[in-house]
file upload-v4.csv (CSV, C-alpha atoms)
chain,number,residue,atom,x,y,z
F,1,MET,CA,-76.9,-9.5,40.1
F,2,THR,CA,-77.0,-5.8,40.9
F,3,ASP,CA,-79.6,-4.6,43.4
F,4,PRO,CA,-81.7,-2.1,41.4
F,5,ALA,CA,-81.6,0.5,44.2
F,6,LEU,CA,-77.8,0.1,44.6
F,7,GLY,CA,-77.3,0.3,40.8
F,8,ALA,CA,-79.3,3.5,40.6
F,9,ALA,CA,-77.4,5.1,43.5
F,10,LEU,CA,-74.1,4.2,42.0
F,11,GLU,CA,-75.0,5.6,38.6
F,12,ALA,CA,-76.4,8.8,40.2
F,13,ALA,CA,-73.2,9.5,42.1
F,14,ALA,CA,-70.4,11.6,40.5
F,15,PRO,CA,-67.6,9.1,39.9
F,16,ALA,CA,-65.0,11.4,41.4
F,17,THR,CA,-66.8,11.3,44.8
F,18,LEU,CA,-66.3,7.5,44.8
F,19,LEU,CA,-62.6,7.6,44.3
F,20,PRO,CA,-59.9,8.0,47.0
F,21,ASP,CA,-59.3,11.6,48.0
F,22,ARG,CA,-56.0,12.1,46.2
F,23,ALA,CA,-55.2,14.3,43.3
F,24,GLN,CA,-53.4,11.6,41.4
F,25,ALA,CA,-56.5,9.4,41.6
F,26,ARG,CA,-58.5,12.1,39.8
F,27,ARG,CA,-55.8,13.2,37.4
F,28,GLU,CA,-57.7,12.2,34.3
F,29,TYR,CA,-60.9,13.6,33.1
F,30,LEU,CA,-64.0,11.8,34.4
F,31,ALA,CA,-67.5,12.1,33.1
F,32,ASP,CA,-70.1,13.5,35.5
F,33,GLN,CA,-71.8,10.1,35.6
F,34,ALA,CA,-70.8,6.5,35.1
F,35,GLU,CA,-72.7,3.3,34.3
F,36,VAL,CA,-72.4,0.1,36.4
F,37,ALA,CA,-70.3,-2.5,34.8
F,38,ASP,CA,-70.8,-5.1,37.6
F,39,VAL,CA,-71.4,-5.4,41.3
F,40,LEU,CA,-70.4,-8.0,43.8
F,41,ASP,CA,-72.6,-8.0,46.9
F,42,LEU,CA,-70.5,-8.6,50.0
F,43,GLY,CA,-73.5,-8.6,52.4
F,44,GLY,CA,-74.5,-6.2,55.2
F,45,GLY,CA,-74.8,-3.3,52.8
F,46,THR,CA,-71.2,-3.7,51.6
F,47,PHE,CA,-70.3,-4.2,48.0
F,48,LEU,CA,-67.6,-4.1,45.3
F,49,ALA,CA,-68.7,-2.2,42.2
F,50,LEU,CA,-67.0,-1.6,38.9
F,51,LEU,CA,-68.1,1.6,37.2
F,52,ARG,CA,-67.5,2.4,33.5
F,53,ALA,CA,-66.6,6.0,33.1
F,54,ASP,CA,-65.5,6.9,29.6
F,55,GLU,CA,-62.7,4.5,28.8
F,56,ARG,CA,-62.0,3.7,32.4
F,57,ILE,CA,-63.4,1.0,34.6
F,58,LEU,CA,-63.3,2.3,38.2
F,59,VAL,CA,-63.0,0.0,41.2
F,60,VAL,CA,-65.3,1.1,44.0
F,61,PRO,CA,-65.4,-0.9,47.3
F,62,GLY,CA,-68.1,0.7,49.4
F,63,ARG,CA,-71.1,0.4,51.7
F,64,VAL,CA,-74.6,1.8,52.0
F,65,ASP,CA,-75.8,2.8,55.4
F,66,GLU,CA,-77.8,5.6,57.1
F,67,HIS,CA,-75.3,8.1,55.9
F,68,GLY,CA,-75.8,7.0,52.3
F,69,LEU,CA,-73.5,5.5,49.7
F,70,GLY,CA,-69.7,5.9,50.1
F,71,ARG,CA,-66.3,4.4,49.4
F,72,ASP,CA,-65.0,2.0,52.1
F,73,PRO,CA,-61.8,0.0,51.3
F,74,GLY,CA,-62.3,-1.9,54.5
F,75,VAL,CA,-65.0,-4.1,52.9
F,76,ALA,CA,-62.2,-6.3,51.7
F,77,SER,CA,-62.5,-8.3,54.8
F,78,GLY,CA,-65.9,-9.5,53.6
F,79,LEU,CA,-64.6,-11.2,50.5
F,80,LEU,CA,-65.3,-14.9,50.2
F,81,ALA,CA,-63.2,-17.3,48.0
F,82,GLY,CA,-64.8,-18.5,44.8
F,83,THR,CA,-66.1,-17.5,41.5
F,84,HIS,CA,-68.9,-15.0,41.8
F,85,GLY,CA,-70.2,-14.2,38.3
F,86,ALA,CA,-67.4,-12.5,36.5
F,87,PHE,CA,-65.4,-11.9,39.7
F,88,THR,CA,-62.8,-14.4,41.0
F,89,VAL,CA,-61.8,-14.2,44.6
F,90,GLU,CA,-58.7,-16.2,45.7
F,91,LEU,CA,-57.8,-16.3,49.4
F,92,PHE,CA,-54.4,-17.5,50.7
F,93,ASP,CA,-53.2,-18.3,54.2
F,94,ARG,CA,-55.5,-16.5,56.7
F,95,GLY,CA,-57.1,-14.2,54.1
F,96,ILE,CA,-58.0,-10.7,55.0
F,97,PRO,CA,-58.9,-10.1,58.7
F,98,LYS,CA,-61.7,-7.8,59.8
F,99,GLY,CA,-60.8,-4.5,61.5
F,100,ASP,CA,-60.6,-0.8,60.9
F,101,ALA,CA,-58.9,0.2,57.7
F,102,VAL,CA,-55.8,2.3,58.1
F,103,GLY,CA,-55.0,4.3,55.0
F,104,ILE,CA,-51.5,4.4,53.4
F,105,ASP,CA,-51.0,7.9,52.0
F,106,VAL,CA,-47.7,7.2,50.3
F,107,ASP,CA,-49.3,4.9,47.7
F,108,GLN,CA,-50.4,7.3,45.0
F,109,SER,CA,-51.1,4.7,42.3
F,110,ASN,CA,-53.6,2.5,44.2
F,111,ASP,CA,-55.9,2.7,47.2
F,112,SER,CA,-53.9,0.9,49.9
F,113,VAL,CA,-55.0,0.2,53.4
F,114,ILE,CA,-54.0,-2.0,56.3
F,115,LEU,CA,-56.6,-4.4,57.7
F,116,GLY,CA,-55.3,-6.3,60.7
F,117,ASP,CA,-52.0,-7.9,59.6
F,118,ALA,CA,-52.8,-7.6,55.9
F,119,MET,CA,-51.8,-4.9,53.4
F,120,VAL,CA,-54.7,-4.5,51.0
F,121,LYS,CA,-54.2,-2.8,47.6
F,122,TRP,CA,-57.3,-1.9,45.7
F,123,GLN,CA,-56.8,-0.9,42.1
F,124,ILE,CA,-58.2,2.5,41.2
F,125,ASP,CA,-58.8,1.4,37.7
F,126,ALA,CA,-59.5,-2.2,36.8
F,127,VAL,CA,-56.9,-3.0,34.1
F,128,PRO,CA,-55.1,-6.0,32.7
F,129,SER,CA,-52.1,-6.6,35.0
F,130,PRO,CA,-49.3,-9.1,35.2
F,131,ALA,CA,-49.3,-9.0,39.0
F,132,PRO,CA,-51.9,-11.8,39.8
F,133,GLU,CA,-50.2,-14.5,37.7
F,134,ARG,CA,-46.7,-13.5,38.8
F,135,LEU,CA,-47.6,-13.3,42.5
F,136,ARG,CA,-49.2,-16.8,42.3
F,137,ALA,CA,-46.0,-18.1,40.8
F,138,LEU,CA,-44.0,-16.8,43.8
F,139,VAL,CA,-46.3,-18.0,46.6
F,140,GLY,CA,-44.3,-19.8,49.2
F,141,SER,CA,-40.9,-18.6,47.8
F,142,GLY,CA,-40.2,-16.1,50.6
F,143,LEU,CA,-39.4,-13.5,47.9
F,144,THR,CA,-42.5,-11.5,48.4
F,145,PRO,CA,-44.7,-10.7,51.5
F,146,ASP,CA,-47.0,-13.7,52.0
F,147,LEU,CA,-49.9,-13.4,49.6
F,148,ARG,CA,-53.4,-13.1,51.3
F,149,ALA,CA,-55.9,-12.4,48.5
F,150,LEU,CA,-56.3,-11.7,44.8
F,151,VAL,CA,-59.5,-10.5,43.1
F,152,THR,CA,-59.9,-10.3,39.3
F,153,TRP,CA,-62.8,-9.6,37.0
F,154,THR,CA,-63.3,-10.9,33.5
F,155,GLY,CA,-65.5,-8.7,31.5
F,156,PRO,CA,-67.7,-9.3,28.4
F,157,ASP,CA,-64.6,-8.7,26.2
F,158,ALA,CA,-63.0,-11.8,27.9
F,159,VAL,CA,-60.2,-9.6,29.2
F,160,THR,CA,-59.2,-10.3,32.8
F,161,ARG,CA,-58.5,-7.2,34.9
F,162,ALA,CA,-56.9,-6.9,38.3
F,163,VAL,CA,-59.1,-5.5,41.1
F,164,LEU,CA,-57.3,-6.3,44.4
F,165,SER,CA,-54.3,-7.9,45.9
F,166,ALA,CA,-53.5,-8.3,49.6
F,167,ALA,CA,-50.4,-9.6,51.3
F,168,LEU,CA,-48.9,-9.8,54.8
F,169,HIS,CA,-48.3,-6.3,56.3
F,170,LEU,CA,-44.6,-5.9,57.4
F,171,PRO,CA,-44.7,-3.3,60.2
F,172,GLY,CA,-41.6,-1.1,60.3
F,173,ALA,CA,-40.4,-2.3,56.8
F,174,GLU,CA,-38.5,0.3,54.8
F,175,ASP,CA,-38.1,0.5,51.1
F,176,GLY,CA,-34.6,0.8,49.5
F,177,TRP,CA,-34.6,4.5,49.1
F,178,THR,CA,-34.5,4.6,52.9
F,179,TRP,CA,-32.5,1.5,54.0
F,180,ALA,CA,-30.0,1.4,51.1
F,181,VAL,CA,-29.3,5.1,51.2
F,182,GLU,CA,-28.8,5.0,55.0
F,183,LEU,CA,-26.6,1.9,54.7
F,184,LEU,CA,-24.3,3.6,52.2
F,185,ARG,CA,-24.1,6.8,54.3
F,186,SER,CA,-23.0,4.8,57.3
F,187,HIS,CA,-20.4,3.1,55.1
F,188,ALA,CA,-19.1,6.4,53.8
F,189,ARG,CA,-18.8,7.7,57.3
F,190,GLY,CA,-16.5,4.8,58.2
F,191,GLU,CA,-19.1,3.0,60.4
F,192,ALA,CA,-18.7,-0.8,60.8
F,193,VAL,CA,-21.5,-1.9,58.4
F,194,ASP,CA,-21.5,-4.4,55.6
F,195,ALA,CA,-22.5,-2.3,52.6
F,196,LEU,CA,-22.1,-5.1,50.0
F,197,ALA,CA,-23.8,-8.3,51.4
F,198,PRO,CA,-27.4,-7.0,51.0
F,199,PHE,CA,-26.8,-6.5,47.2
F,200,ALA,CA,-25.4,-9.9,46.7
F,201,GLU,CA,-28.5,-11.2,48.5
F,202,LEU,CA,-30.7,-9.2,46.1
F,203,GLY,CA,-28.8,-10.8,43.2
F,204,ARG,CA,-29.6,-14.2,44.6
F,205,MET,CA,-33.2,-13.3,45.1
F,206,THR,CA,-33.6,-11.8,41.6
F,207,ALA,CA,-32.2,-15.0,40.1
F,208,ARG,CA,-34.6,-17.1,42.1
F,209,MET,CA,-37.5,-14.9,41.1
F,210,HIS,CA,-36.6,-15.3,37.4
F,211,GLY,CA,-36.3,-19.0,37.8
F,212,LEU,CA,-39.7,-19.3,39.3
F,213,LEU,CA,-41.3,-16.9,36.8
F,214,SER,CA,-39.8,-18.8,33.9
F,215,GLY,CA,-42.0,-21.7,35.0
F,216,LEU,CA,-44.9,-19.7,33.5
F,217,GLY,CA,-43.2,-20.1,30.1
F,218,VAL,CA,-40.1,-19.1,28.2
F,219,SER,CA,-40.6,-17.4,24.8
F,220,THR,CA,-38.1,-16.1,22.2
F,221,TRP,CA,-37.7,-12.7,20.6
F,222,SER,CA,-36.6,-12.9,17.0
F,223,ALA,CA,-34.0,-10.5,15.5
F,224,GLU,CA,-36.8,-8.4,14.3
F,225,ARG,CA,-38.3,-8.0,17.7
F,226,VAL,CA,-34.9,-7.1,19.2
F,227,LYS,CA,-34.6,-4.4,16.5
F,228,GLU,CA,-37.9,-3.1,17.7
F,229,LEU,CA,-36.4,-2.9,21.2
F,230,ARG,CA,-33.5,-0.9,19.7
F,231,LEU,CA,-35.9,1.5,18.1
F,232,GLN,CA,-37.7,2.0,21.5
F,233,CYS,CA,-34.3,2.7,23.1
F,234,VAL,CA,-33.4,5.1,20.4
F,235,GLY,CA,-36.7,6.8,20.7
F,236,HIS,CA,-36.1,7.3,24.5
F,237,GLN,CA,-32.7,8.7,23.8
F,238,ASP,CA,-33.9,11.2,21.1
F,239,LYS,CA,-36.7,12.4,23.4
F,240,ALA,CA,-34.3,12.8,26.3
F,241,CYS,CA,-31.9,14.9,24.1
F,242,GLU,CA,-34.9,17.0,23.1
F,243,GLU,CA,-36.5,17.5,26.5
F,244,ILE,CA,-33.5,18.0,28.8
F,245,ASP,CA,-32.2,21.5,28.7
F,246,GLY,CA,-29.4,23.3,30.6
F,247,ALA,CA,-26.0,22.0,31.3
F,248,GLU,CA,-27.3,18.4,31.7
F,249,GLY,CA,-28.9,18.5,28.2
F,250,ASP,CA,-25.6,19.8,26.8
F,251,ARG,CA,-23.7,17.0,28.3
F,252,LEU,CA,-26.2,14.4,27.1
F,253,ARG,CA,-26.2,15.7,23.5
F,254,ALA,CA,-22.4,15.8,23.5
F,255,ARG,CA,-22.5,12.0,24.1
F,256,ARG,CA,-25.2,11.3,21.7
F,257,GLU,CA,-23.2,9.3,19.1
F,258,ARG,CA,-21.4,7.3,21.7
F,259,LEU,CA,-24.7,6.4,23.4
F,260,ARG,CA,-26.2,5.5,20.0
F,261,SER,CA,-23.3,3.1,19.2
F,262,VAL,CA,-24.1,1.1,22.3
F,263,LEU,CA,-27.8,0.9,21.3
F,264,ASP,CA,-26.8,-0.1,17.8
F,265,ALA,CA,-25.1,-3.2,19.1
F,266,LEU,CA,-28.6,-4.7,19.6
F,267,THR,CA,-28.8,-5.2,15.8
F,268,ALA,CA,-26.3,-8.1,16.1
F,269,VAL,CA,-28.6,-10.0,18.5
F,270,GLU,CA,-30.3,-12.7,16.4
F,271,SER,CA,-32.7,-13.9,19.2
F,272,THR,CA,-33.1,-13.8,22.9
F,273,PRO,CA,-35.2,-15.5,25.6
F,274,VAL,CA,-38.0,-13.6,27.3
F,275,ILE,CA,-40.0,-14.5,30.4
F,276,ASP,CA,-42.4,-12.9,32.8
F,277,ILE,CA,-40.3,-10.5,34.9
F,278,HIS,CA,-40.9,-8.0,37.6
F,279,GLY,CA,-41.0,-5.2,35.0
F,280,ASP,CA,-40.1,-2.2,37.3
F,281,LEU,CA,-37.3,-3.6,39.5
F,282,HIS,CA,-35.4,-1.0,41.4
F,283,ILE,CA,-34.3,-0.5,45.0
F,284,GLY,CA,-37.5,1.2,45.9
F,285,GLN,CA,-39.3,-2.1,45.2
F,286,VAL,CA,-37.2,-3.9,47.9
F,287,LEU,CA,-38.5,-3.9,51.4
F,288,GLN,CA,-36.2,-4.5,54.3
F,289,THR,CA,-38.1,-5.8,57.4
F,290,ALA,CA,-37.8,-4.4,60.8
F,291,TYR,CA,-35.4,-7.2,61.6
F,292,GLY,CA,-32.9,-5.8,59.2
F,293,SER,CA,-31.9,-9.1,57.6
F,294,GLU,CA,-34.8,-10.0,55.4
F,295,TYR,CA,-35.9,-8.5,52.1
F,296,ALA,CA,-39.0,-8.8,50.0
F,297,PHE,CA,-39.9,-7.7,46.5
F,298,VAL,CA,-43.2,-5.7,46.0
F,299,ASP,CA,-45.2,-4.1,43.2
F,300,PHE,CA,-45.5,-6.5,40.3
F,301,ASP,CA,-47.8,-4.4,38.2
F,302,GLY,CA,-45.0,-3.6,35.7
F,303,ASN,CA,-43.6,-0.3,34.5
F,304,PRO,CA,-46.2,2.4,35.2
F,305,VAL,CA,-45.4,4.4,32.1
F,306,LEU,CA,-46.4,1.5,29.8
F,307,ASP,CA,-49.9,0.8,28.8
F,308,PRO,CA,-51.5,-2.3,30.4
F,309,ASP,CA,-51.0,-4.5,27.3
F,310,GLN,CA,-47.3,-3.7,27.2
F,311,ARG,CA,-46.9,-4.5,30.9
F,312,MET,CA,-48.4,-8.0,30.2
F,313,GLU,CA,-45.7,-8.9,27.7
F,314,ARG,CA,-42.8,-11.1,28.5
F,315,GLN,CA,-39.4,-9.3,28.5
F,316,PRO,CA,-35.7,-10.2,28.7
F,317,ALA,CA,-34.5,-11.0,32.2
F,318,ALA,CA,-31.8,-8.4,31.5
F,319,ARG,CA,-34.4,-5.7,31.8
F,320,ASP,CA,-34.8,-6.4,35.6
F,321,VAL,CA,-31.1,-6.9,36.0
F,322,ALA,CA,-30.4,-3.5,34.3
F,323,GLY,CA,-33.0,-1.8,36.4
F,324,MET,CA,-31.4,-3.0,39.7
F,325,LEU,CA,-27.8,-2.3,38.5
F,326,ALA,CA,-28.9,1.2,37.6
F,327,SER,CA,-30.7,1.6,40.9
F,328,ILE,CA,-27.6,0.7,42.9
F,329,ASP,CA,-25.7,3.5,41.0
F,330,HIS,CA,-28.6,5.9,41.8
F,331,VAL,CA,-28.3,5.2,45.5
F,332,ALA,CA,-24.8,6.4,45.4
F,333,ARG,CA,-25.7,9.6,43.5
F,334,VAL,CA,-28.4,10.3,46.0
F,335,VAL,CA,-26.0,9.9,48.9
F,336,ASN,CA,-23.4,12.2,47.4
F,337,HIS,CA,-26.0,14.8,46.5
F,338,ARG,CA,-27.9,14.9,49.8
F,339,THR,CA,-25.2,14.2,52.4
F,340,PRO,CA,-23.0,17.2,53.3
F,341,GLY,CA,-19.5,16.3,54.2
F,342,VAL,CA,-19.6,12.7,52.9
F,343,ASP,CA,-16.5,11.3,51.3
F,344,ALA,CA,-17.6,11.2,47.7
F,345,ASP,CA,-14.7,9.0,46.6
F,346,VAL,CA,-15.7,6.3,49.0
F,347,VAL,CA,-19.3,6.4,47.8
F,348,LEU,CA,-18.2,6.3,44.1
F,349,ALA,CA,-15.8,3.4,44.8
F,350,TRP,CA,-18.7,1.4,46.3
F,351,ILE,CA,-20.8,1.5,43.1
F,352,PRO,CA,-18.9,-1.2,41.1
F,353,LEU,CA,-18.4,-3.3,44.1
F,354,ALA,CA,-22.1,-3.4,44.9
F,355,GLN,CA,-23.0,-3.9,41.3
F,356,GLY,CA,-20.5,-6.6,40.9
F,357,GLY,CA,-21.8,-8.4,44.0
F,358,PHE,CA,-25.3,-8.2,42.7
F,359,LEU,CA,-24.5,-9.5,39.2
F,360,GLY,CA,-22.1,-12.1,40.4
F,361,ALA,CA,-24.6,-13.6,42.9
F,362,TYR,CA,-27.3,-13.4,40.2
F,363,ARG,CA,-25.2,-15.4,37.7
F,364,GLU,CA,-24.1,-18.0,40.3
F,365,THR,CA,-27.7,-18.6,41.4
F,366,LEU,CA,-29.0,-18.9,37.9
F,367,ALA,CA,-26.3,-21.5,37.2
F,368,ALA,CA,-27.0,-23.4,40.4
F,369,THR,CA,-30.7,-23.6,39.6
F,370,GLY,CA,-30.2,-24.5,35.9
F,371,HIS,CA,-31.4,-21.2,34.5
F,372,SER,CA,-28.2,-19.7,33.1
F,373,GLY,CA,-29.8,-19.3,29.7
F,374,LEU,CA,-32.3,-16.7,30.9
F,375,LEU,CA,-29.8,-13.9,31.1
F,376,ASP,CA,-28.6,-12.5,27.7
F,377,GLU,CA,-25.8,-10.3,28.7
F,378,ARG,CA,-25.5,-8.8,25.2
F,379,LEU,CA,-28.6,-6.7,26.1
F,380,LEU,CA,-27.3,-5.2,29.4
F,381,PRO,CA,-25.2,-2.3,28.0
F,382,ALA,CA,-28.1,-1.0,25.9
F,383,LEU,CA,-30.7,-1.6,28.6
F,384,LEU,CA,-28.6,0.3,31.2
F,385,ILE,CA,-28.4,3.3,28.9
F,386,ASP,CA,-32.1,3.0,28.2
F,387,GLN,CA,-32.8,3.1,31.9
F,388,GLU,CA,-31.0,6.4,32.2
F,389,MET,CA,-32.8,7.8,29.3
F,390,ARG,CA,-36.1,6.9,30.9
F,391,GLU,CA,-34.8,8.5,34.2
F,392,PHE,CA,-34.1,11.7,32.2
F,393,LEU,CA,-37.6,11.7,30.8
F,394,TYR,CA,-39.2,11.1,34.2
F,395,ALA,CA,-37.2,14.1,35.5
F,396,ALA,CA,-38.3,16.3,32.6
F,397,ARG,CA,-42.0,15.4,33.0
F,398,HIS,CA,-42.5,14.8,36.7
F,399,LEU,CA,-39.5,15.5,39.0
F,400,PRO,CA,-37.1,18.2,37.5
F,401,HIS,CA,-34.5,18.0,40.3
F,402,TRP,CA,-34.0,14.2,39.6
F,403,ARG,CA,-32.1,15.0,36.4
F,404,TYR,CA,-28.8,15.2,38.4
F,405,VAL,CA,-29.0,11.4,38.9
F,406,PRO,CA,-29.0,10.2,35.2
F,407,ASP,CA,-26.7,13.1,34.4
F,408,ALA,CA,-24.1,11.9,36.9
F,409,VAL,CA,-24.4,8.3,35.6
F,410,ILE,CA,-24.1,9.0,31.9
F,411,THR,CA,-21.2,11.4,32.4
F,412,ALA,CA,-19.4,8.7,34.4
F,413,MET,CA,-20.1,6.1,31.8
F,414,PHE,CA,-18.8,8.3,29.0
F,415,PRO,CA,-16.1,10.7,30.4
F,416,GLU,CA,-15.2,13.8,28.4
F,417,GLU,CA,-13.2,12.9,25.3
F,418,GLU,CA,-9.8,14.5,24.9

call {"tool": "encode", "arguments": {"input": "upload-v4.csv", "output": "structure tokens"}}
result
Amino acid sequence: MTDPALGAALEAAAPATLLPDRAQARREYLADQAEVADVLDLGGGTFLALLRADERILVVPGRVDEHGLGRDPGVASGLLAGTHGAFTVELFDRGIPKGDAVGIDVDQSNDSVILGDAMVKWQIDAVPSPAPERLRALVGSGLTPDLRALVTWTGPDAVTRAVLSAALHLPGAEDGWTWAVELLRSHARGEAVDALAPFAELGRMTARMHGLLSGLGVSTWSAERVKELRLQCVGHQDKACEEIDGAEGDRLRARRERLRSVLDALTAVESTPVIDIHGDLHIGQVLQTAYGSEYAFVDFDGNPVLDPDQRMERQPAARDVAGMLASIDHVARVVNHRTPGVDADVVLAWIPLAQGGFLGAYRETLAATGHSGLLDERLLPALLIDQEMREFLYAARHLPHWRYVPDAVITAMFPEEE
């Protein structure tokens, strides 16, 4: 039950003042006032509030003290396991320790802080998310940082929304856009590094992940649903051809029919299995620990460009596989583009070797664990192209210089015709 004074103070506050101080957190229009959807009293003047502002439900961890009411993500340490009204708090292992919250500025989609040895991720908006169920399915697998806490909220509409997740903090860990790029640079310089073994290991990990997630259920897409997938891919291609200008756009449009013929092959797929997948698997979602020999998958919220309902849907395992195969290629394009004096031929020769190591290890591990049927390889060519079309669209809308990456990939896939 909401304390009347706290409820009045929350509703009197401008919603933007209760959000993290980042431009991306405030990118959408917010009303001047919000109404309280629910509050969980954490004791000692601390609370977890959900505020309804227009169509958004904002997550506000905070406290009231002599300075007034304010946001405080550190109140996560006061969470107690159990069902508290519409809130469900699950604690794992040692839970979330007390301590001063240290902000993580690089996370622009959530409000992430470090509390003791836990990385705490507060949602900015409470939305349906596939992450809680998928993270539960992977507990104890070693594929993700050890889970510490999950908080969800089930509203009057009976929809369950993610509020918080917390996992073991891995000091010194680097994501793949750092460790993989540096590894390939070292290889291209002739240093004595193994630039292939990590990607075979990622193949094994991805297969194990899919096997465990298939335990949540395996569904089937009909031919009609696969045709819908084709239409989505075609839509991405058409938009990319419209939005990418310059020489990159010219090269893309020159290959339009050849790209379309690959997408059209999806019409021959009569059915395909679908499972819960990572949904946004790329090298940036792979942490390498400070020890340099262990890896962990992170960020199971799904593709951020999709709406929450779409992120919840089961997808072909080939979507994750295509995402990682494309990402391996992208690592090489980044190295060649950003490393003066590097031997470009050595870097390009690495691409099929690393991709082959990933895919071979993935197939072998699926077979060894009795899950070979999860990967429908007929989808891979179309999904690889779709990934590059989405990269083009991301570049056109958010990061213009990134267009060199999908441009290099597509022109290599489809060389100039005589």

call {"tool": "residues_near_point", "arguments": {"input": "upload-v4.csv", "point": "(-20.9, -13.9, 41.7)", "cutoff": "12 Å", "atoms": "all atoms listed in the file", "output": "ChimeraX atom specification"}}
result
/F:197,199-204,207,353-368

call {"tool": "write_last_selection", "arguments": {"input": "upload-v4.csv", "atoms": "C-alpha atoms", "output": "CSV table (one decimal), keeping the file's coordinate frame"}}
result
chain,number,residue,atom,x,y,z
F,197,ALA,CA,-23.8,-8.3,51.4
F,199,PHE,CA,-26.8,-6.5,47.2
F,200,ALA,CA,-25.4,-9.9,46.7
F,201,GLU,CA,-28.5,-11.2,48.5
F,202,LEU,CA,-30.7,-9.2,46.1
F,203,GLY,CA,-28.8,-10.8,43.2
F,204,ARG,CA,-29.6,-14.2,44.6
F,207,ALA,CA,-32.2,-15.0,40.1
F,353,LEU,CA,-18.4,-3.3,44.1
F,354,ALA,CA,-22.1,-3.4,44.9
F,355,GLN,CA,-23.0,-3.9,41.3
F,356,GLY,CA,-20.5,-6.6,40.9
F,357,GLY,CA,-21.8,-8.4,44.0
F,358,PHE,CA,-25.3,-8.2,42.7
F,359,LEU,CA,-24.5,-9.5,39.2
F,360,GLY,CA,-22.1,-12.1,40.4
F,361,ALA,CA,-24.6,-13.6,42.9
F,362,TYR,CA,-27.3,-13.4,40.2
F,363,ARG,CA,-25.2,-15.4,37.7
F,364,GLU,CA,-24.1,-18.0,40.3
F,365,THR,CA,-27.7,-18.6,41.4
F,366,LEU,CA,-29.0,-18.9,37.9
F,367,ALA,CA,-26.3,-21.5,37.2
F,368,ALA,CA,-27.0,-23.4,40.4

call {"tool": "closest_residue", "arguments": {"input": "upload-v4.csv", "among": "F:Ser327, F:Ala14, F:Phe47, F:Ala158", "to": "Gln33 of chain F", "atoms": "all atoms listed in the file"}}
result
F:Ala14

call {"tool": "closest_residue", "arguments": {"input": "upload-v4.csv", "among": "F:Thr88, F:Gln288, F:Thr339, F:Thr272", "to": "Ser219 of chain F", "atoms": "only C-alpha atoms"}}
result
F:Thr272

call {"tool": "residues_near_point", "arguments": {"input": "upload-v4.csv", "point": "(-61.9, -13.9, 57.5)", "cutoff": "6 Å", "atoms": "all atoms listed in the file", "output": "PDB file with C-alpha atoms, keeping the file's coordinate frame"}}
result
ATOM      1  CA  GLY F  95     -57.100 -14.200  54.100  1.00  0.00           C
ATOM      2  CA  ILE F  96     -58.000 -10.700  55.000  1.00  0.00           C
ATOM      3  CA  PRO F  97     -58.900 -10.100  58.700  1.00  0.00           C
TER       4      PRO F  97
END

call {"tool": "residues_around", "arguments": {"input": "upload-v4.csv", "residues": "Ala166 of chain F", "least_positions_apart": "4", "cutoff": "8 Å", "atoms": "only C-alpha atoms", "output": "number ranges by chain"}}
result
F: 96, 118-121, 147-150

call {"tool": "closest_residue", "arguments": {"input": "upload-v4.csv", "among": "F:Gln315, F:Ser77, F:Thr144, F:Ser186", "to": "Tyr295 of chain F", "atoms": "all atoms listed in the file"}}
result
F:Thr144

call {"tool": "atom_distance", "arguments": {"input": "upload-v4.csv", "atom1": "atom CA of Ala382 of chain F", "atom2": "atom CA of His278 of chain F"}}
result
18.7 Å

call {"tool": "closest_residue", "arguments": {"input": "upload-v4.csv", "among": "F:Gly217, F:Ala188, F:Glu391, F:Pro145", "to": "Asp345 of chain F", "atoms": "only C-alpha atoms"}}
result
F:Ala188

call {"tool": "residues_around", "arguments": {"input": "upload-v4.csv", "residues": "Thr289 of chain F", "least_positions_apart": "6", "cutoff": "12 Å", "atoms": "all atoms listed in the file", "output": "PyMOL selection string"}}
result
chain F and resi 144-145+168-176+178-179+295-297

call {"tool": "closest_residue", "arguments": {"input": "upload-v4.csv", "among": "F:Asp38, F:Asp105, F:Asp117, F:Asp407", "to": "His84 of chain F", "atoms": "only C-alpha atoms"}}
result
F:Asp38

call {"tool": "closest_residue", "arguments": {"input": "upload-v4.csv", "among": "F:Leu281, F:Ala162, F:Leu19, F:Ala126", "to": "Arg56 of chain F", "atoms": "all atoms listed in the file"}}
result
F:Ala126

call {"tool": "decode", "arguments": {"input": "upload-v4.csv", "residues": "segment 320-325 of chain F", "atoms": "N, CA and C atoms", "output": "JSON list (two decimals), in the first residue's frame"}}
result
[["chain", "number", "residue", "atom", "x", "y", "z"],
["F", 320, "ASP", "N", 20.00, -16.17, -33.94],
["F", 320, "ASP", "CA", 21.19, -15.95, -33.11],
["F", 320, "ASP", "C", 22.46, -16.34, -33.85],
["F", 321, "VAL", "N", 22.41, -17.46, -34.55],
["F", 321, "VAL", "CA", 23.60, -17.94, -35.26],
["F", 321, "VAL", "C", 24.00, -16.93, -36.33],
["F", 322, "ALA", "N", 23.04, -16.44, -37.08],
["F", 322, "ALA", "CA", 23.33, -15.44, -38.11],
["F", 322, "ALA", "C", 23.89, -14.17, -37.49],
["F", 323, "GLY", "N", 23.35, -13.78, -36.34],
["F", 323, "GLY", "CA", 23.84, -12.58, -35.68],
["F", 323, "GLY", "C", 25.31, -12.69, -35.30],
["F", 324, "MET", "N", 25.72, -13.85, -34.80],
["F", 324, "MET", "CA", 27.11, -14.01, -34.40],
["F", 324, "MET", "C", 28.02, -14.17, -35.62],
["F", 325, "LEU", "N", 27.57, -14.90, -36.63],
["F", 325, "LEU", "CA", 28.38, -15.02, -37.84],
["F", 325, "LEU", "C", 28.62, -13.66, -38.48]]
